[in-house]
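Participant: The structure follows.
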Amino acid sequence: MAQLKITWKKSCIGKPQDQRKVVQALGLRRLHHSVTVGDTPTIRGMVNKVSHLITVEEIAEG
């Protein structure tokens, strides 16, 4: 399975509560923090919801 590197780039201050919870559910704890997660439809949906707050890089397998 492919992996995604997600980095939190923009603050959640002033954003709706559901977007804050998505950032937290992705495992991001503070600005410029990165996590590596599997590329699943659920994760892709979360990424689309907060795409204006994060950056996403695909990590090649191998």
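In the structure tokens, chains take letters A, B, ... by order of appearance, with residues numbered from 1 within each chain and ligands from 1 in the order shown.
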Where does DSSP see strand (DSSP E) in chain A, if you list the residues as a PyMOL selection string?
Facilitator: chain A and resi 3-8+34-38+54-59
Participant: May I have the residues from that selection written out with all heavy atoms, as a tab-separated table (two decimals), in the first residue's frame?
Facilitator:
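Saved result, again14.tsv, follows:
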chain	number	residue	atom	x	y	z
A	3	GLN	N	2.02	5.11	0.76
A	3	GLN	CA	2.04	5.90	1.98
A	3	GLN	C	1.96	7.38	1.63
A	3	GLN	O	2.39	7.81	0.56
A	3	GLN	CB	3.35	5.65	2.74
A	3	GLN	CG	3.52	4.23	3.23
A	3	GLN	CD	2.65	3.93	4.43
A	3	GLN	OE1	2.60	4.72	5.35
A	3	GLN	NE2	1.96	2.82	4.38
A	4	LEU	N	1.39	8.16	2.54
A	4	LEU	CA	1.30	9.61	2.39
A	4	LEU	C	2.03	10.27	3.55
A	4	LEU	O	1.86	9.86	4.70
A	4	LEU	CB	-0.15	10.07	2.39
A	4	LEU	CG	-1.06	9.58	1.28
A	4	LEU	CD1	-2.48	10.04	1.54
A	4	LEU	CD2	-0.58	10.06	-0.06
A	5	LYS	N	2.82	11.28	3.26
A	5	LYS	CA	3.44	12.10	4.30
A	5	LYS	C	2.63	13.39	4.37
A	5	LYS	O	2.57	14.16	3.41
A	5	LYS	CB	4.89	12.41	3.97
A	5	LYS	CG	5.56	13.25	5.03
A	5	LYS	CD	7.01	13.54	4.68
A	5	LYS	CE	7.63	14.44	5.73
A	5	LYS	NZ	8.99	14.84	5.34
A	6	ILE	N	1.98	13.61	5.52
A	6	ILE	CA	1.11	14.77	5.71
A	6	ILE	C	1.78	15.72	6.70
A	6	ILE	O	2.19	15.29	7.78
A	6	ILE	CB	-0.26	14.32	6.25
A	6	ILE	CG1	-0.90	13.33	5.28
A	6	ILE	CG2	-1.16	15.51	6.49
A	6	ILE	CD1	-2.16	12.68	5.79
A	7	THR	N	1.90	16.98	6.32
A	7	THR	CA	2.53	17.99	7.16
A	7	THR	C	1.54	19.11	7.41
A	7	THR	O	0.91	19.62	6.47
A	7	THR	CB	3.79	18.57	6.47
A	7	THR	OG1	4.66	17.49	6.14
A	7	THR	CG2	4.50	19.54	7.39
A	8	TRP	N	1.38	19.49	8.67
A	8	TRP	CA	0.48	20.58	9.07
A	8	TRP	C	1.19	21.90	8.83
A	8	TRP	O	2.22	22.19	9.45
A	8	TRP	CB	0.11	20.40	10.53
A	8	TRP	CG	-0.95	21.32	11.05
A	8	TRP	CD1	-1.69	22.20	10.35
A	8	TRP	CD2	-1.40	21.41	12.40
A	8	TRP	NE1	-2.58	22.84	11.17
A	8	TRP	CE2	-2.41	22.38	12.44
A	8	TRP	CE3	-1.04	20.78	13.58
A	8	TRP	CZ2	-3.05	22.72	13.62
A	8	TRP	CZ3	-1.68	21.12	14.73
A	8	TRP	CH2	-2.69	22.08	14.76
A	34	SER	N	4.85	16.33	11.00
A	34	SER	CA	4.54	15.44	9.89
A	34	SER	C	4.21	14.05	10.40
A	34	SER	O	4.78	13.61	11.41
A	34	SER	CB	5.72	15.35	8.93
A	34	SER	OG	5.98	16.59	8.35
A	35	VAL	N	3.32	13.38	9.70
A	35	VAL	CA	2.99	11.98	9.98
A	35	VAL	C	2.97	11.22	8.66
A	35	VAL	O	2.73	11.80	7.60
A	35	VAL	CB	1.63	11.82	10.70
A	35	VAL	CG1	1.68	12.40	12.09
A	35	VAL	CG2	0.51	12.42	9.91
A	36	THR	N	3.22	9.93	8.74
A	36	THR	CA	3.14	9.05	7.58
A	36	THR	C	1.99	8.09	7.81
A	36	THR	O	1.95	7.40	8.83
A	36	THR	CB	4.46	8.28	7.39
A	36	THR	OG1	5.52	9.22	7.27
A	36	THR	CG2	4.40	7.43	6.13
A	37	VAL	N	1.06	8.06	6.87
A	37	VAL	CA	-0.13	7.21	7.00
A	37	VAL	C	-0.36	6.47	5.69
A	37	VAL	O	0.15	6.85	4.64
A	37	VAL	CB	-1.38	8.05	7.34
A	37	VAL	CG1	-1.26	8.68	8.71
A	37	VAL	CG2	-1.64	9.11	6.31
A	38	GLY	N	-1.13	5.40	5.78
A	38	GLY	CA	-1.48	4.64	4.59
A	38	GLY	C	-2.44	5.41	3.70
A	38	GLY	O	-3.24	6.21	4.18
A	54	ILE	N	-2.89	21.73	5.18
A	54	ILE	CA	-1.81	20.75	5.18
A	54	ILE	C	-1.16	20.64	3.80
A	54	ILE	O	-1.70	21.14	2.82
A	54	ILE	CB	-2.34	19.35	5.59
A	54	ILE	CG1	-3.41	18.86	4.61
A	54	ILE	CG2	-2.87	19.36	7.01
A	54	ILE	CD1	-3.90	17.45	4.87
A	55	THR	N	-0.01	19.98	3.76
A	55	THR	CA	0.60	19.58	2.49
A	55	THR	C	0.72	18.07	2.51
A	55	THR	O	0.92	17.46	3.57
A	55	THR	CB	1.98	20.21	2.27
A	55	THR	OG1	2.84	19.84	3.34
A	55	THR	CG2	1.89	21.71	2.17
A	56	VAL	N	0.61	17.47	1.34
A	56	VAL	CA	0.62	16.01	1.22
A	56	VAL	C	1.65	15.61	0.18
A	56	VAL	O	1.69	16.17	-0.91
A	56	VAL	CB	-0.77	15.47	0.82
A	56	VAL	CG1	-0.74	13.97	0.70
A	56	VAL	CG2	-1.82	15.92	1.80
A	57	GLU	N	2.49	14.62	0.53
A	57	GLU	CA	3.45	14.06	-0.40
A	57	GLU	C	3.25	12.56	-0.45
A	57	GLU	O	3.04	11.93	0.58
A	57	GLU	CB	4.90	14.33	0.08
A	57	GLU	CG	5.25	15.77	0.30
A	57	GLU	CD	6.60	15.91	0.97
A	57	GLU	OE1	7.50	15.09	0.72
A	57	GLU	OE2	6.72	16.83	1.80
A	58	GLU	N	3.29	12.00	-1.66
A	58	GLU	CA	3.20	10.55	-1.78
A	58	GLU	C	4.60	9.98	-1.65
A	58	GLU	O	5.54	10.47	-2.26
A	58	GLU	CB	2.58	10.17	-3.12
A	58	GLU	CG	1.11	10.54	-3.21
A	58	GLU	CD	0.45	9.91	-4.42
A	58	GLU	OE1	0.86	8.83	-4.86
A	58	GLU	OE2	-0.51	10.53	-4.90
A	59	ILE	N	4.71	8.92	-0.85
A	59	ILE	CA	5.99	8.26	-0.65
A	59	ILE	C	5.99	7.00	-1.52
A	59	ILE	O	5.10	6.15	-1.39
A	59	ILE	CB	6.20	7.90	0.83
A	59	ILE	CG1	6.20	9.16	1.67
A	59	ILE	CG2	7.50	7.12	1.00
A	59	ILE	CD1	6.29	8.92	3.15
Participant: Quick one: everything within 12 Å of Lys21 of chain A, counting only C-alpha atoms, minus sequence neighbours fewer than 6 positions away in the same chain. Send it as a short mmCIF file (atom, residue, chain, number, x, y, z; two decimals) with N, CA, C and O atoms, in the first residue's frame.
Facilitator:
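Output contents, as saved in around24.cif:
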data_model
loop_
_atom_site.label_atom_id
_atom_site.label_comp_id
_atom_site.auth_asym_id
_atom_site.auth_seq_id
_atom_site.Cartn_x
_atom_site.Cartn_y
_atom_site.Cartn_z
N CYS A 12 -5.16 26.23 12.78
CA CYS A 12 -6.60 25.97 12.82
C CYS A 12 -7.37 27.07 13.54
O CYS A 12 -8.58 26.96 13.71
N LYS A 15 -10.91 28.32 12.46
CA LYS A 15 -11.51 27.33 11.56
C LYS A 15 -12.61 26.57 12.31
O LYS A 15 -12.62 26.50 13.52
N GLY A 27 -3.44 12.75 13.41
CA GLY A 27 -2.27 12.54 14.26
C GLY A 27 -1.33 13.73 14.30
O GLY A 27 -0.23 13.62 14.82
N LEU A 28 -1.78 14.86 13.79
CA LEU A 28 -0.94 16.06 13.78
C LEU A 28 -1.11 16.79 15.11
O LEU A 28 -2.22 17.03 15.55
N ARG A 29 0.00 17.14 15.75
CA ARG A 29 -0.04 17.71 17.09
C ARG A 29 0.32 19.18 17.15
O ARG A 29 -0.12 19.90 18.02
N MET A 46 -10.28 12.72 4.55
CA MET A 46 -9.84 13.64 5.61
C MET A 46 -8.91 14.70 5.03
O MET A 46 -9.00 15.88 5.37
N LYS A 49 -10.77 17.38 3.17
CA LYS A 49 -11.50 18.30 4.03
C LYS A 49 -10.61 19.43 4.56
O LYS A 49 -11.07 20.54 4.76
N VAL A 50 -9.33 19.13 4.82
CA VAL A 50 -8.42 20.14 5.39
C VAL A 50 -7.23 20.42 4.47
O VAL A 50 -6.16 20.80 4.93
#
Participant: Could you tell me which of A:Asp39, A:His52, A:Gln24, A:Gln19 comes closest to Met1 of chain A if we count only C-alpha atoms?
Facilitator: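 Closest to Met1 of chain A, using only C-alpha atoms: A:Asp39.
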Participant: Among segment 2-62 of chain A, which residues carry a DSSP assignment of helix (DSSP H, G or I), reported as a list in words?
Facilitator: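 Residues of segment 2-62 of chain A classed as helix (DSSP H, G or I): Gln17, Asp18, Gln19, Arg20, Lys21, Val22, Val23, Gln24, Ala25, Pro41, Thr42, Ile43, Arg44, Gly45, Met46, Val47, Asn48 and Lys49 of chain A.
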Participant: Would you mind exporting the chosen residues as a PDB file, in the first residue's frame, restricted to N, CA, C and O atoms?
Facilitator:
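Okay, part26.pdb is ready:
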ATOM      1  N   GLN A  17     -14.873  23.665  14.051  1.00  0.00           N
ATOM      2  CA  GLN A  17     -14.481  22.596  14.967  1.00  0.00           C
ATOM      3  C   GLN A  17     -14.255  21.274  14.230  1.00  0.00           C
ATOM      4  O   GLN A  17     -13.344  20.521  14.580  1.00  0.00           O
ATOM      5  N   ASP A  18     -15.057  20.973  13.212  1.00  0.00           N
ATOM      6  CA  ASP A  18     -14.884  19.700  12.518  1.00  0.00           C
ATOM      7  C   ASP A  18     -13.539  19.627  11.807  1.00  0.00           C
ATOM      8  O   ASP A  18     -12.912  18.561  11.749  1.00  0.00           O
ATOM      9  N   GLN A  19     -13.037  20.752  11.283  1.00  0.00           N
ATOM     10  CA  GLN A  19     -11.722  20.755  10.645  1.00  0.00           C
ATOM     11  C   GLN A  19     -10.617  20.563  11.682  1.00  0.00           C
ATOM     12  O   GLN A  19      -9.640  19.864  11.422  1.00  0.00           O
ATOM     13  N   ARG A  20     -10.771  21.155  12.847  1.00  0.00           N
ATOM     14  CA  ARG A  20      -9.787  20.959  13.923  1.00  0.00           C
ATOM     15  C   ARG A  20      -9.715  19.497  14.327  1.00  0.00           C
ATOM     16  O   ARG A  20      -8.638  18.955  14.566  1.00  0.00           O
ATOM     17  N   LYS A  21     -10.880  18.856  14.405  1.00  0.00           N
ATOM     18  CA  LYS A  21     -10.918  17.451  14.803  1.00  0.00           C
ATOM     19  C   LYS A  21     -10.303  16.551  13.741  1.00  0.00           C
ATOM     20  O   LYS A  21      -9.679  15.544  14.071  1.00  0.00           O
ATOM     21  N   VAL A  22     -10.450  16.902  12.476  1.00  0.00           N
ATOM     22  CA  VAL A  22      -9.831  16.119  11.404  1.00  0.00           C
ATOM     23  C   VAL A  22      -8.315  16.209  11.493  1.00  0.00           C
ATOM     24  O   VAL A  22      -7.619  15.199  11.371  1.00  0.00           O
ATOM     25  N   VAL A  23      -7.789  17.405  11.728  1.00  0.00           N
ATOM     26  CA  VAL A  23      -6.342  17.572  11.873  1.00  0.00           C
ATOM     27  C   VAL A  23      -5.843  16.731  13.048  1.00  0.00           C
ATOM     28  O   VAL A  23      -4.832  16.033  12.941  1.00  0.00           O
ATOM     29  N   GLN A  24      -6.568  16.750  14.153  1.00  0.00           N
ATOM     30  CA  GLN A  24      -6.200  15.961  15.319  1.00  0.00           C
ATOM     31  C   GLN A  24      -6.286  14.462  15.013  1.00  0.00           C
ATOM     32  O   GLN A  24      -5.413  13.689  15.405  1.00  0.00           O
ATOM     33  N   ALA A  25      -7.322  14.044  14.295  1.00  0.00           N
ATOM     34  CA  ALA A  25      -7.507  12.631  13.965  1.00  0.00           C
ATOM     35  C   ALA A  25      -6.423  12.113  13.022  1.00  0.00           C
ATOM     36  O   ALA A  25      -6.111  10.917  13.036  1.00  0.00           O
ATOM     37  N   PRO A  41      -9.049   5.334   1.239  1.00  0.00           N
ATOM     38  CA  PRO A  41     -10.120   6.288   0.912  1.00  0.00           C
ATOM     39  C   PRO A  41     -10.520   7.163   2.109  1.00  0.00           C
ATOM     40  O   PRO A  41     -10.839   8.335   1.943  1.00  0.00           O
ATOM     41  N   THR A  42     -10.477   6.604   3.317  1.00  0.00           N
ATOM     42  CA  THR A  42     -10.823   7.374   4.514  1.00  0.00           C
ATOM     43  C   THR A  42      -9.830   8.513   4.725  1.00  0.00           C
ATOM     44  O   THR A  42     -10.224   9.657   4.969  1.00  0.00           O
ATOM     45  N   ILE A  43      -8.553   8.205   4.632  1.00  0.00           N
ATOM     46  CA  ILE A  43      -7.505   9.223   4.811  1.00  0.00           C
ATOM     47  C   ILE A  43      -7.607  10.271   3.702  1.00  0.00           C
ATOM     48  O   ILE A  43      -7.478  11.471   3.959  1.00  0.00           O
ATOM     49  N   ARG A  44      -7.870   9.840   2.474  1.00  0.00           N
ATOM     50  CA  ARG A  44      -8.003  10.787   1.360  1.00  0.00           C
ATOM     51  C   ARG A  44      -9.160  11.759   1.604  1.00  0.00           C
ATOM     52  O   ARG A  44      -9.063  12.948   1.314  1.00  0.00           O
ATOM     53  N   GLY A  45     -10.264  11.273   2.154  1.00  0.00           N
ATOM     54  CA  GLY A  45     -11.393  12.139   2.475  1.00  0.00           C
ATOM     55  C   GLY A  45     -11.038  13.157   3.537  1.00  0.00           C
ATOM     56  O   GLY A  45     -11.420  14.327   3.446  1.00  0.00           O
ATOM     57  N   MET A  46     -10.280  12.723   4.554  1.00  0.00           N
ATOM     58  CA  MET A  46      -9.845  13.638   5.610  1.00  0.00           C
ATOM     59  C   MET A  46      -8.906  14.698   5.025  1.00  0.00           C
ATOM     60  O   MET A  46      -9.000  15.878   5.368  1.00  0.00           O
ATOM     61  N   VAL A  47      -8.004  14.261   4.158  1.00  0.00           N
ATOM     62  CA  VAL A  47      -7.055  15.191   3.530  1.00  0.00           C
ATOM     63  C   VAL A  47      -7.802  16.216   2.693  1.00  0.00           C
ATOM     64  O   VAL A  47      -7.488  17.408   2.727  1.00  0.00           O
ATOM     65  N   ASN A  48      -8.822  15.791   1.958  1.00  0.00           N
ATOM     66  CA  ASN A  48      -9.596  16.741   1.137  1.00  0.00           C
ATOM     67  C   ASN A  48     -10.306  17.769   1.992  1.00  0.00           C
ATOM     68  O   ASN A  48     -10.441  18.931   1.593  1.00  0.00           O
ATOM     69  N   LYS A  49     -10.767  17.384   3.165  1.00  0.00           N
ATOM     70  CA  LYS A  49     -11.503  18.298   4.034  1.00  0.00           C
ATOM     71  C   LYS A  49     -10.609  19.426   4.563  1.00  0.00           C
ATOM     72  O   LYS A  49     -11.072  20.544   4.756  1.00  0.00           O
TER      73      LYS A  49
END
